[in-house]
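**Student:** Contents of input_13.pdb (PDB, C-alpha atoms, pLDDT in the B column):
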MODEL        1
ATOM      1  CA  MET A 149     -10.206  14.699 -34.824  1.00 63.00           C
ATOM      2  CA  TRP A 150     -11.130  17.841 -32.950  1.00 82.00           C
ATOM      3  CA  LEU A 151      -9.979  18.566 -29.444  1.00 82.00           C
ATOM      4  CA  SER A 152     -12.259  19.859 -26.733  1.00 91.00           C
ATOM      5  CA  ASP A 153     -11.302  23.012 -24.854  1.00 94.00           C
ATOM      6  CA  LEU A 154     -10.095  20.970 -21.880  1.00 94.00           C
ATOM      7  CA  GLN A 155      -7.889  18.852 -24.148  1.00 93.00           C
ATOM      8  CA  LYS A 156      -6.422  21.991 -25.732  1.00 93.00           C
ATOM      9  CA  ILE A 157      -5.570  23.269 -22.261  1.00 95.00           C
ATOM     10  CA  GLY A 158      -4.043  19.856 -21.501  1.00 94.00           C
ATOM     11  CA  VAL A 159      -1.829  20.051 -24.587  1.00 93.00           C
ATOM     12  CA  GLY A 160      -0.648  23.484 -23.466  1.00 95.00           C
ATOM     13  CA  LEU A 161       0.018  22.300 -19.920  1.00 97.00           C
ATOM     14  CA  THR A 162       1.936  19.268 -21.197  1.00 95.00           C
ATOM     15  CA  ALA A 163       3.996  21.429 -23.558  1.00 95.00           C
ATOM     16  CA  PHE A 164       4.820  23.894 -20.780  1.00 97.00           C
ATOM     17  CA  GLY A 165       5.689  20.955 -18.508  1.00 96.00           C
ATOM     18  CA  VAL A 166       8.154  19.590 -21.054  1.00 95.00           C
ATOM     19  CA  PHE A 167       9.550  23.115 -21.554  1.00 97.00           C
ATOM     20  CA  PHE A 168      10.105  23.675 -17.825  1.00 97.00           C
ATOM     21  CA  MET A 169      11.664  20.217 -17.441  1.00 96.00           C
ATOM     22  CA  ALA A 170      14.080  20.905 -20.306  1.00 96.00           C
ATOM     23  CA  LEU A 171      14.869  24.348 -18.913  1.00 97.00           C
ATOM     24  CA  GLY A 172      15.489  22.851 -15.470  1.00 96.00           C
ATOM     25  CA  VAL A 173      17.897  20.300 -16.948  1.00 95.00           C
ATOM     26  CA  LEU A 174      19.679  22.956 -19.026  1.00 96.00           C
ATOM     27  CA  LEU A 175      20.108  25.125 -15.935  1.00 96.00           C
ATOM     28  CA  LEU A 176      22.067  22.371 -14.208  1.00 94.00           C
ATOM     29  CA  PHE A 177      19.139  20.437 -12.752  1.00 94.00           C
ATOM     30  CA  ASP A 178      17.299  23.297 -11.107  1.00 95.00           C
ATOM     31  CA  ALA A 179      14.903  21.484  -8.782  1.00 94.00           C
ATOM     32  CA  GLY A 180      12.288  24.255  -8.793  1.00 94.00           C
ATOM     33  CA  LEU A 181      11.888  24.361 -12.567  1.00 96.00           C
ATOM     34  CA  MET A 182      11.885  20.581 -12.798  1.00 96.00           C
ATOM     35  CA  ALA A 183       9.192  20.341 -10.105  1.00 94.00           C
ATOM     36  CA  ILE A 184       7.008  22.863 -11.949  1.00 96.00           C
ATOM     37  CA  GLY A 185       7.559  20.904 -15.166  1.00 96.00           C
ATOM     38  CA  ASN A 186       6.551  17.640 -13.503  1.00 95.00           C
ATOM     39  CA  VAL A 187       3.358  19.063 -12.054  1.00 95.00           C
ATOM     40  CA  LEU A 188       2.358  20.719 -15.338  1.00 96.00           C
ATOM     41  CA  PHE A 189       3.106  17.531 -17.285  1.00 95.00           C
ATOM     42  CA  LEU A 190       0.966  15.359 -14.985  1.00 93.00           C
ATOM     43  CA  PHE A 191      -1.947  17.802 -15.000  1.00 96.00           C
ATOM     44  CA  GLY A 192      -1.650  18.134 -18.779  1.00 95.00           C
ATOM     45  CA  ILE A 193      -1.824  14.373 -19.321  1.00 94.00           C
ATOM     46  CA  GLY A 194      -4.813  14.244 -16.984  1.00 95.00           C
ATOM     47  CA  ALA A 195      -6.571  16.998 -18.931  1.00 96.00           C
ATOM     48  CA  ILE A 196      -5.848  15.426 -22.323  1.00 93.00           C
ATOM     49  CA  ILE A 197      -7.131  11.914 -21.672  1.00 93.00           C
ATOM     50  CA  GLY A 198      -9.284  12.567 -18.599  1.00 94.00           C
ATOM     51  CA  PRO A 199      -8.748  11.730 -14.950  1.00 93.00           C
ATOM     52  CA  LYS A 200     -10.259   8.242 -15.077  1.00 95.00           C
ATOM     53  CA  SER A 201      -8.313   7.208 -18.190  1.00 94.00           C
ATOM     54  CA  THR A 202      -5.130   8.636 -16.679  1.00 93.00           C
ATOM     55  CA  LEU A 203      -5.621   6.583 -13.537  1.00 94.00           C
ATOM     56  CA  VAL A 204      -6.342   3.446 -15.582  1.00 95.00           C
ATOM     57  CA  PHE A 205      -3.268   4.062 -17.768  1.00 93.00           C
ATOM     58  CA  PHE A 206      -0.881   4.525 -14.842  1.00 93.00           C
ATOM     59  CA  THR A 207      -2.247   1.565 -12.857  1.00 94.00           C
ATOM     60  CA  ARG A 208      -2.238  -1.096 -15.573  1.00 95.00           C
ATOM     61  CA  ARG A 209      -0.356  -4.208 -14.506  1.00 94.00           C
ATOM     62  CA  GLU A 210       2.200  -4.070 -17.349  1.00 94.00           C
ATOM     63  CA  LYS A 211       2.894  -0.357 -16.663  1.00 94.00           C
ATOM     64  CA  ILE A 212       3.285  -0.515 -12.873  1.00 96.00           C
ATOM     65  CA  ARG A 213       7.118  -0.590 -12.923  1.00 96.00           C
ATOM     66  CA  GLY A 214       7.187   2.503 -15.129  1.00 95.00           C
ATOM     67  CA  THR A 215       4.623   4.231 -12.926  1.00 96.00           C
ATOM     68  CA  ILE A 216       6.604   3.544  -9.759  1.00 97.00           C
ATOM     69  CA  CYS A 217       9.831   4.791 -11.344  1.00 97.00           C
ATOM     70  CA  PHE A 218       8.188   7.878 -12.871  1.00 95.00           C
ATOM     71  CA  LEU A 219       6.381   8.912  -9.695  1.00 95.00           C
ATOM     72  CA  GLY A 220       9.445   8.023  -7.596  1.00 97.00           C
ATOM     73  CA  GLY A 221      11.529  10.285  -9.817  1.00 96.00           C
ATOM     74  CA  ILE A 222       9.035  13.095  -9.343  1.00 95.00           C
ATOM     75  CA  PHE A 223       9.181  12.539  -5.582  1.00 96.00           C
ATOM     76  CA  LEU A 224      13.006  12.722  -5.674  1.00 96.00           C
ATOM     77  CA  VAL A 225      12.899  15.952  -7.690  1.00 95.00           C
ATOM     78  CA  LEU A 226      10.447  17.451  -5.206  1.00 93.00           C
ATOM     79  CA  SER A 227      12.749  16.255  -2.385  1.00 94.00           C
ATOM     80  CA  LYS A 228      15.660  18.281  -3.854  1.00 92.00           C
ATOM     81  CA  PHE A 229      17.487  15.337  -5.476  1.00 95.00           C
ATOM     82  CA  PRO A 230      16.980  16.444  -9.083  1.00 95.00           C
ATOM     83  CA  VAL A 231      19.741  14.442 -10.796  1.00 96.00           C
ATOM     84  CA  PHE A 232      18.698  11.071  -9.364  1.00 96.00           C
ATOM     85  CA  GLY A 233      15.042  11.968  -9.777  1.00 96.00           C
ATOM     86  CA  PHE A 234      15.524  12.901 -13.425  1.00 96.00           C
ATOM     87  CA  VAL A 235      17.312   9.634 -14.204  1.00 96.00           C
ATOM     88  CA  LEU A 236      14.543   7.656 -12.502  1.00 97.00           C
ATOM     89  CA  GLU A 237      11.881   9.707 -14.296  1.00 95.00           C
ATOM     90  CA  VAL A 238      13.436   9.075 -17.707  1.00 95.00           C
ATOM     91  CA  PHE A 239      13.515   5.331 -17.025  1.00 96.00           C
ATOM     92  CA  GLY A 240       9.879   5.407 -15.918  1.00 96.00           C
ATOM     93  CA  PHE A 241       8.865   7.605 -18.859  1.00 94.00           C
ATOM     94  CA  LEU A 242      10.427   5.190 -21.344  1.00 94.00           C
ATOM     95  CA  ASN A 243       8.641   2.265 -19.674  1.00 94.00           C
ATOM     96  CA  LEU A 244       5.309   4.091 -19.644  1.00 93.00           C
ATOM     97  CA  PHE A 245       5.291   5.802 -23.021  1.00 90.00           C
ATOM     98  CA  GLY A 246       7.726   3.680 -25.038  1.00 89.00           C
ATOM     99  CA  ASP A 247       4.874   2.052 -26.953  1.00 89.00           C
ATOM    100  CA  PHE A 248       3.887   5.433 -28.421  1.00 87.00           C
ATOM    101  CA  PHE A 249       7.261   6.271 -30.002  1.00 84.00           C
ATOM    102  CA  PRO A 250       6.695   4.354 -33.275  1.00 84.00           C
ATOM    103  CA  VAL A 251       3.353   6.112 -33.727  1.00 85.00           C
ATOM    104  CA  VAL A 252       4.914   9.516 -33.056  1.00 82.00           C
ATOM    105  CA  PHE A 253       7.803   8.860 -35.456  1.00 82.00           C
ATOM    106  CA  GLY A 254       5.371   7.633 -38.108  1.00 83.00           C
ATOM    107  CA  PHE A 255       3.410  10.869 -37.767  1.00 84.00           C
ATOM    108  CA  MET A 256       6.580  12.977 -37.864  1.00 84.00           C
ATOM    109  CA  ARG A 257       7.733  11.284 -41.066  1.00 84.00           C
ATOM    110  CA  ARG A 258       4.631  12.660 -42.819  1.00 86.00           C
ATOM    111  CA  LEU A 259       5.383  16.275 -41.869  1.00 85.00           C
ATOM    112  CA  PRO A 260       6.753  18.483 -44.676  1.00 88.00           C
ATOM    113  CA  ILE A 261      10.074  19.640 -43.197  1.00 87.00           C
ATOM    114  CA  ILE A 262      10.790  16.992 -40.577  1.00 85.00           C
ATOM    115  CA  GLY A 263       9.853  14.021 -42.806  1.00 87.00           C
ATOM    116  CA  PRO A 264      12.752  14.332 -45.276  1.00 88.00           C
ATOM    117  CA  ILE A 265      15.189  14.837 -42.408  1.00 88.00           C
ATOM    118  CA  LEU A 266      13.988  11.652 -40.694  1.00 84.00           C
ATOM    119  CA  SER A 267      14.185   9.809 -44.032  1.00 83.00           C
ATOM    120  CA  HIS A 268      17.907  10.544 -44.394  1.00 85.00           C
ATOM    121  CA  PRO A 269      19.866   7.249 -44.314  1.00 85.00           C
ATOM    122  CA  ALA A 270      22.094   8.384 -41.444  1.00 85.00           C
ATOM    123  CA  ILE A 271      19.073   9.102 -39.267  1.00 83.00           C
ATOM    124  CA  SER A 272      16.634   6.444 -40.476  1.00 79.00           C
ATOM    125  CA  ARG A 273      18.753   3.585 -39.127  1.00 80.00           C
ATOM    126  CA  PHE A 274      18.023   4.817 -35.597  1.00 77.00           C
ATOM    127  CA  MET A 275      14.268   5.040 -36.221  1.00 75.00           C
ATOM    128  CA  PRO A 276      11.915   2.317 -34.993  1.00 68.00           C
ATOM    129  CA  ARG A 277      11.076  -0.316 -37.626  1.00 62.00           C
ATOM    130  CA  GLU A 278       7.340   0.470 -37.728  1.00 57.00           C
ATOM    131  CA  SER A 279       7.953   4.086 -38.721  1.00 46.00           C
ATOM    132  CA  ARG A 280      10.435   3.340 -41.503  1.00 48.00           C
ATOM    133  CA  THR A 281       7.817   2.154 -43.970  1.00 50.00           C
ATOM    134  CA  ARG A 282       6.704   4.652 -46.599  1.00 52.00           C
ATOM    135  CA  VAL A 283       3.018   5.450 -46.896  1.00 46.00           C
TER     136      VAL A 283
ENDMDL
END
Output the file's structure as structure tokens, nothing else.

**Tutor:**
Amino acid sequence: MWLSDLQKIGVGLTAFGVFFMALGVLLLFDAGLMAIGNVLFLFGIGAIIGPKSTLVFFTRREKIRGTICFLGGIFLVLSKFPVFGFVLEVFGFLNLFGDFFPVVFGFMRRLPIIGPILSHPAISRFMPRESRTRV
């Protein structure tokens, strides 16, 4: 599967968004860095799957609670309440993207260096069931 140029830019924006969010948390919940990370993450997701698909994804009936929490968390971070906003964002993120974790872990288990680490018995008991099966 090849990515278009816009999707490549979206992957970069999403990666930078995650980086700035992590940096903002590491620097004791710096609201400015977290706000930049949120904006980059949202624009990156929009560039990867397209604006219409992004809107459809965030407005699906079964994802509405996650969407409200995620966007409410972003609003709190932008309103200079980064700790409460981050907690609300994490809850919303898990509700929105929790279905993708088994797929991501299954992909990571096939990688050369990360795969054997994730296959270690001490770590594999915390892995989702779908990704524990060997291919």

**Student:** Where does the PyMOL selection byres ((chain A and resi 179) around 9) land in this file, that is, which residues does it pick, as a ChimeraX atom specification?

**Tutor:** /A:172-173,177-178,180-184,225-231

**Student:** Considering only C-alpha atoms, state which residue in the set A:Phe205, A:Phe255, A:Phe189, A:Phe239 is at the smallest distance from Cys217 in chain A.

**Tutor:**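 Among the listed residues, the smallest separation from Cys217 in chain A belongs to A:Phe239.
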
**Student:** So which one's closest to Thr207 in chain A, A:Ala195, A:Leu171, A:Leu244, A:Leu176? Using only C-alpha atoms, please.

**Tutor:** A:Leu244

**Student:** Residues picked by the PyMOL selection byres ((chain A and resi 211) around 12) here, as a count of residues only?

**Tutor:** 23

**Student:** Which of these residues is nearest to Leu190 in chain A, using all atoms listed in the file: A:Leu161, A:Leu151, A:Phe223, A:Phe167?

**Tutor:**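 Using all atoms listed in the file, the shortest distance to Leu190 in chain A belongs to A:Leu161.
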
**Student:** Kindly reconstruct range 223-234 of chain A with all heavy atoms and present the result as an mmCIF file, keeping the file's coordinate frame.

**Tutor:**
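Everything below was put into out27.cif:
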data_model
loop_
_atom_site.group_PDB
_atom_site.id
_atom_site.type_symbol
_atom_site.label_atom_id
_atom_site.label_comp_id
_atom_site.auth_asym_id
_atom_site.auth_seq_id
_atom_site.Cartn_x
_atom_site.Cartn_y
_atom_site.Cartn_z
ATOM 1 N N PHE A 223 9.003 12.357 -7.024
ATOM 2 C CA PHE A 223 9.181 12.539 -5.582
ATOM 3 C C PHE A 223 10.621 12.954 -5.257
ATOM 4 O O PHE A 223 10.840 13.840 -4.423
ATOM 5 C CB PHE A 223 8.816 11.254 -4.839
ATOM 6 C CG PHE A 223 9.066 11.325 -3.370
ATOM 7 C CD1 PHE A 223 8.219 12.050 -2.550
ATOM 8 C CD2 PHE A 223 10.164 10.682 -2.803
ATOM 9 C CE1 PHE A 223 8.457 12.131 -1.185
ATOM 10 C CE2 PHE A 223 10.407 10.761 -1.444
ATOM 11 C CZ PHE A 223 9.546 11.493 -0.632
ATOM 12 N N LEU A 224 11.611 12.339 -5.917
ATOM 13 C CA LEU A 224 13.006 12.722 -5.674
ATOM 14 C C LEU A 224 13.290 14.150 -6.116
ATOM 15 O O LEU A 224 14.039 14.879 -5.455
ATOM 16 C CB LEU A 224 13.951 11.749 -6.374
ATOM 17 C CG LEU A 224 14.099 10.370 -5.723
ATOM 18 C CD1 LEU A 224 14.964 9.465 -6.592
ATOM 19 C CD2 LEU A 224 14.684 10.498 -4.335
ATOM 20 N N VAL A 225 12.712 14.568 -7.251
ATOM 21 C CA VAL A 225 12.899 15.952 -7.690
ATOM 22 C C VAL A 225 12.282 16.909 -6.686
ATOM 23 O O VAL A 225 12.891 17.927 -6.334
ATOM 24 C CB VAL A 225 12.294 16.157 -9.103
ATOM 25 C CG1 VAL A 225 12.213 17.629 -9.445
ATOM 26 C CG2 VAL A 225 13.121 15.425 -10.153
ATOM 27 N N LEU A 226 11.089 16.590 -6.205
ATOM 28 C CA LEU A 226 10.447 17.451 -5.206
ATOM 29 C C LEU A 226 11.193 17.438 -3.871
ATOM 30 O O LEU A 226 11.085 18.379 -3.093
ATOM 31 C CB LEU A 226 8.996 17.022 -4.996
ATOM 32 C CG LEU A 226 8.060 17.233 -6.199
ATOM 33 C CD1 LEU A 226 6.690 16.634 -5.919
ATOM 34 C CD2 LEU A 226 7.946 18.704 -6.533
ATOM 35 N N SER A 227 11.965 16.364 -3.617
ATOM 36 C CA SER A 227 12.749 16.255 -2.385
ATOM 37 C C SER A 227 14.152 16.825 -2.528
ATOM 38 O O SER A 227 15.025 16.550 -1.706
ATOM 39 C CB SER A 227 12.849 14.788 -1.963
ATOM 40 O OG SER A 227 11.582 14.254 -1.730
ATOM 41 N N LYS A 228 14.385 17.589 -3.594
ATOM 42 C CA LYS A 228 15.660 18.281 -3.854
ATOM 43 C C LYS A 228 16.805 17.326 -4.207
ATOM 44 O O LYS A 228 17.957 17.575 -3.869
ATOM 45 C CB LYS A 228 16.062 19.148 -2.663
ATOM 46 C CG LYS A 228 15.060 20.189 -2.272
ATOM 47 C CD LYS A 228 14.886 21.224 -3.351
ATOM 48 C CE LYS A 228 13.903 22.286 -2.880
ATOM 49 N NZ LYS A 228 13.600 23.245 -3.901
ATOM 50 N N PHE A 229 16.486 16.217 -4.884
ATOM 51 C CA PHE A 229 17.487 15.337 -5.476
ATOM 52 C C PHE A 229 17.219 15.253 -6.981
ATOM 53 O O PHE A 229 16.802 14.217 -7.489
ATOM 54 C CB PHE A 229 17.431 13.935 -4.850
ATOM 55 C CG PHE A 229 17.793 13.899 -3.406
ATOM 56 C CD1 PHE A 229 16.806 13.777 -2.434
ATOM 57 C CD2 PHE A 229 19.112 14.004 -3.020
ATOM 58 C CE1 PHE A 229 17.133 13.745 -1.092
ATOM 59 C CE2 PHE A 229 19.448 13.969 -1.676
ATOM 60 C CZ PHE A 229 18.466 13.848 -0.714
ATOM 61 N N PRO A 230 17.446 16.381 -7.691
ATOM 62 C CA PRO A 230 16.980 16.444 -9.083
ATOM 63 C C PRO A 230 17.721 15.517 -10.047
ATOM 64 O O PRO A 230 17.109 15.007 -10.984
ATOM 65 C CB PRO A 230 17.181 17.906 -9.465
ATOM 66 C CG PRO A 230 18.216 18.413 -8.534
ATOM 67 C CD PRO A 230 18.049 17.635 -7.269
ATOM 68 N N VAL A 231 18.999 15.278 -9.845
ATOM 69 C CA VAL A 231 19.741 14.442 -10.796
ATOM 70 C C VAL A 231 19.247 12.996 -10.721
ATOM 71 O O VAL A 231 18.917 12.390 -11.745
ATOM 72 C CB VAL A 231 21.261 14.525 -10.525
ATOM 73 C CG1 VAL A 231 22.017 13.585 -11.441
ATOM 74 C CG2 VAL A 231 21.754 15.947 -10.702
ATOM 75 N N PHE A 232 19.177 12.444 -9.524
ATOM 76 C CA PHE A 232 18.698 11.071 -9.364
ATOM 77 C C PHE A 232 17.223 10.951 -9.758
ATOM 78 O O PHE A 232 16.813 9.970 -10.371
ATOM 79 C CB PHE A 232 18.895 10.595 -7.926
ATOM 80 C CG PHE A 232 20.332 10.598 -7.491
ATOM 81 C CD1 PHE A 232 20.735 11.406 -6.443
ATOM 82 C CD2 PHE A 232 21.271 9.816 -8.135
ATOM 83 C CE1 PHE A 232 22.060 11.423 -6.045
ATOM 84 C CE2 PHE A 232 22.584 9.815 -7.742
ATOM 85 C CZ PHE A 232 22.992 10.620 -6.698
ATOM 86 N N GLY A 233 16.450 11.968 -9.410
ATOM 87 C CA GLY A 233 15.042 11.968 -9.777
ATOM 88 C C GLY A 233 14.842 12.005 -11.280
ATOM 89 O O GLY A 233 13.974 11.317 -11.818
ATOM 90 N N PHE A 234 15.652 12.811 -11.975
ATOM 91 C CA PHE A 234 15.524 12.901 -13.425
ATOM 92 C C PHE A 234 15.869 11.580 -14.093
ATOM 93 O O PHE A 234 15.179 11.140 -15.011
ATOM 94 C CB PHE A 234 16.415 14.028 -13.957
ATOM 95 C CG PHE A 234 16.329 14.190 -15.445
ATOM 96 C CD1 PHE A 234 15.198 14.737 -16.027
ATOM 97 C CD2 PHE A 234 17.367 13.802 -16.259
ATOM 98 C CE1 PHE A 234 15.106 14.884 -17.400
ATOM 99 C CE2 PHE A 234 17.291 13.935 -17.624
ATOM 100 C CZ PHE A 234 16.156 14.488 -18.203
#
